[in-house]
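Engineer: Next up is a structure, given as structure tokens.
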Amino acid sequence: MKRERILEIAELLNKRGKLTLEQLEEAFPQVSQMTLRRDLFQLEEEGKIIRVRGGAMSVHEVQKNSGEPYTKKTTIHTDEKIVIANKAAELIDEGASIFIDGGSTALYLAKEMPDIVCNVFTNGLAVATELAKKKNVVVNLLGGQLIKDNLSTASSFSSLYFTDTNFELAIISAAAFTPENGFSCNSQVEAELLRVICKKAKFLYMMLDSSKIGKIKPYTFVRPEDINVLITDDEFPDALKEQFKVMNIVVI
């Protein structure tokens, strides 16, 4: 019976793309919310859905806008990414002009962002698609070379694009971090774009889940001392948090 219900939930999510817990309770009135939550946990472990705040969405829905490598990224370390995304979303004020990158954590941020009047620049295709669902958010998508690894764009002309473009806040994520090598990514052209972004922004917020610590990617785009706020999860080492705090970086 339990397995049949779980399969029904998966099928329903595949049909609708996304469901809230309230909608699931309506579809399964004899099942408690706690049981439905456990069902969603199991489906996520099987790689069939992605849990988001207040519900879940089908992996097939993500795949409509995502390449295979990117889709895999969105289904790992989900809890940490949701925690970080919720924290970051609370820091966005109405009327703000911000840059959000195209990483998988940024996609969760796009999902969790309130639908408020703000101007968002992004190089993430999936991020832009998610933000386009919000009525009050103005979305500006950068052009350039498509980086298939994370479905983002970057160009050597990015610095020209941002010459007369203004945003006070950049909220970005990194594929890897070590204190010695800083925050790094896989693509040289994307690293060049992110360096431009980091210099342009008045305030730089870095989203980094604990699984990225100790990893090194080919291209460093910013150093720890250059960021203003570090947004992370509960598993982030306390000793490393203290290193950031010594540099007057706010750790959330």
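Here, A, B, ... name the chains of the structure tokens in the order displayed, residue numbers run from 1 inside each chain, and ligands are numbered from 1 in the same displayed order.
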List the neighbours of A:Ala110 out to 12 Å using only C-alpha atoms; skip same-chain residues closer than 2 positions along the sequence, and give me the result as a ChimeraX atom specification.

Structural biologist: /A:52-53,81-82,84-86,88-90,92,99-108,112-115,120-122,124-134,137,139,171-172

Engineer: Using 6 Å as the limit and counting only C-alpha atoms, can you tabulate each residue of stretch 51-161 of chain A that touches stretch 5-19 of chain A, with its shortest atom-to-atom distance in Å and the two atoms involved, as a tab-separated table?

Structural biologist:
residue	atom	partner	partner_atom	distance
A:Gly55	CA	A:Leu19	CA	5.7
A:Ala56	CA	A:Leu19	CA	5.7
A:Met57	CA	A:Lys18	CA	4.0
A:Ser58	CA	A:Gly17	CA	5.3
A:Glu61	CA	A:Gly17	CA	5.2

Engineer: Since we have the selection now, will you write its residues out, keeping N, CA and C atoms, as a PDB file, in the first residue's frame?

Structural biologist:
ATOM      1  N   GLY A  55       6.754  21.854  -0.517  1.00  0.00           N
ATOM      2  CA  GLY A  55       6.286  20.839  -1.440  1.00  0.00           C
ATOM      3  C   GLY A  55       7.413  20.160  -2.186  1.00  0.00           C
ATOM      4  N   ALA A  56       7.163  19.833  -3.457  1.00  0.00           N
ATOM      5  CA  ALA A  56       8.174  19.129  -4.253  1.00  0.00           C
ATOM      6  C   ALA A  56       7.893  19.356  -5.733  1.00  0.00           C
ATOM      7  N   MET A  57       8.908  19.102  -6.550  1.00  0.00           N
ATOM      8  CA  MET A  57       8.726  19.164  -7.994  1.00  0.00           C
ATOM      9  C   MET A  57       9.375  17.951  -8.641  1.00  0.00           C
ATOM     10  N   SER A  58       8.871  17.584  -9.787  1.00  0.00           N
ATOM     11  CA  SER A  58       9.368  16.417 -10.502  1.00  0.00           C
ATOM     12  C   SER A  58      10.724  16.701 -11.127  1.00  0.00           C
ATOM     13  N   GLU A  61      10.446  17.928 -14.569  1.00  0.00           N
ATOM     14  CA  GLU A  61      10.167  19.350 -14.732  1.00  0.00           C
ATOM     15  C   GLU A  61      11.468  20.139 -14.791  1.00  0.00           C
TER      16      GLU A  61
END

Engineer: How would you write, as an NGL selection string, the set of residues in stretch 55-184 of chain A that DSSP gives as alpha helix (DSSP H)?

Structural biologist: :A and (59-63 or 68-74 or 78-89 or 104-112 or 125-131 or 158-161)

Engineer: For a quick check of understanding, using only C-alpha atoms, which of A:Cys118, A:Asp79, A:Glu22, A:Lys200 has the smallest distance to A:Asp93?

Structural biologist: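 Among A:Cys118, A:Asp79, A:Glu22, A:Lys200, it is A:Cys118 that comes nearest to A:Asp93.
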
Engineer: Please extract the residues of stretch 136-187 of chain A with a backbone DSSP assignment of strand (DSSP E) and present them as a list in words.

Structural biologist: Val137, Val138, Val139, Asn140, Leu141, Gln145, Leu146, Ile147, Ser152, Thr153, Ala154, Leu169, Ala170, Ile171, Ile172, Ser173, Ala176, Phe177, Thr178, Gly182, Phe183, Ser184 and Cys185 of chain A

Engineer: Using only C-alpha atoms, which of the listed residues (A:Glu4, A:Leu36, A:Asn150, A:Pro237) sits closest to A:Gln23?

Structural biologist: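 Smallest separation from A:Gln23 among the options: A:Leu36.
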
Engineer: Any idea what's packed within 10 Å of A:Lys199, counting only C-alpha atoms, ignoring anything in its chain fewer than 5 positions away? Could you give it as a ChimeraX atom specification?

Structural biologist: /A:170,194,204,222,226

Engineer: How far is it from atom CA of A:Leu21 to atom CA of A:Glu45, in Å with one decimal?

Structural biologist: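 According to the coordinates, atom CA of A:Leu21 and atom CA of A:Glu45 are separated by 17.9 Å.
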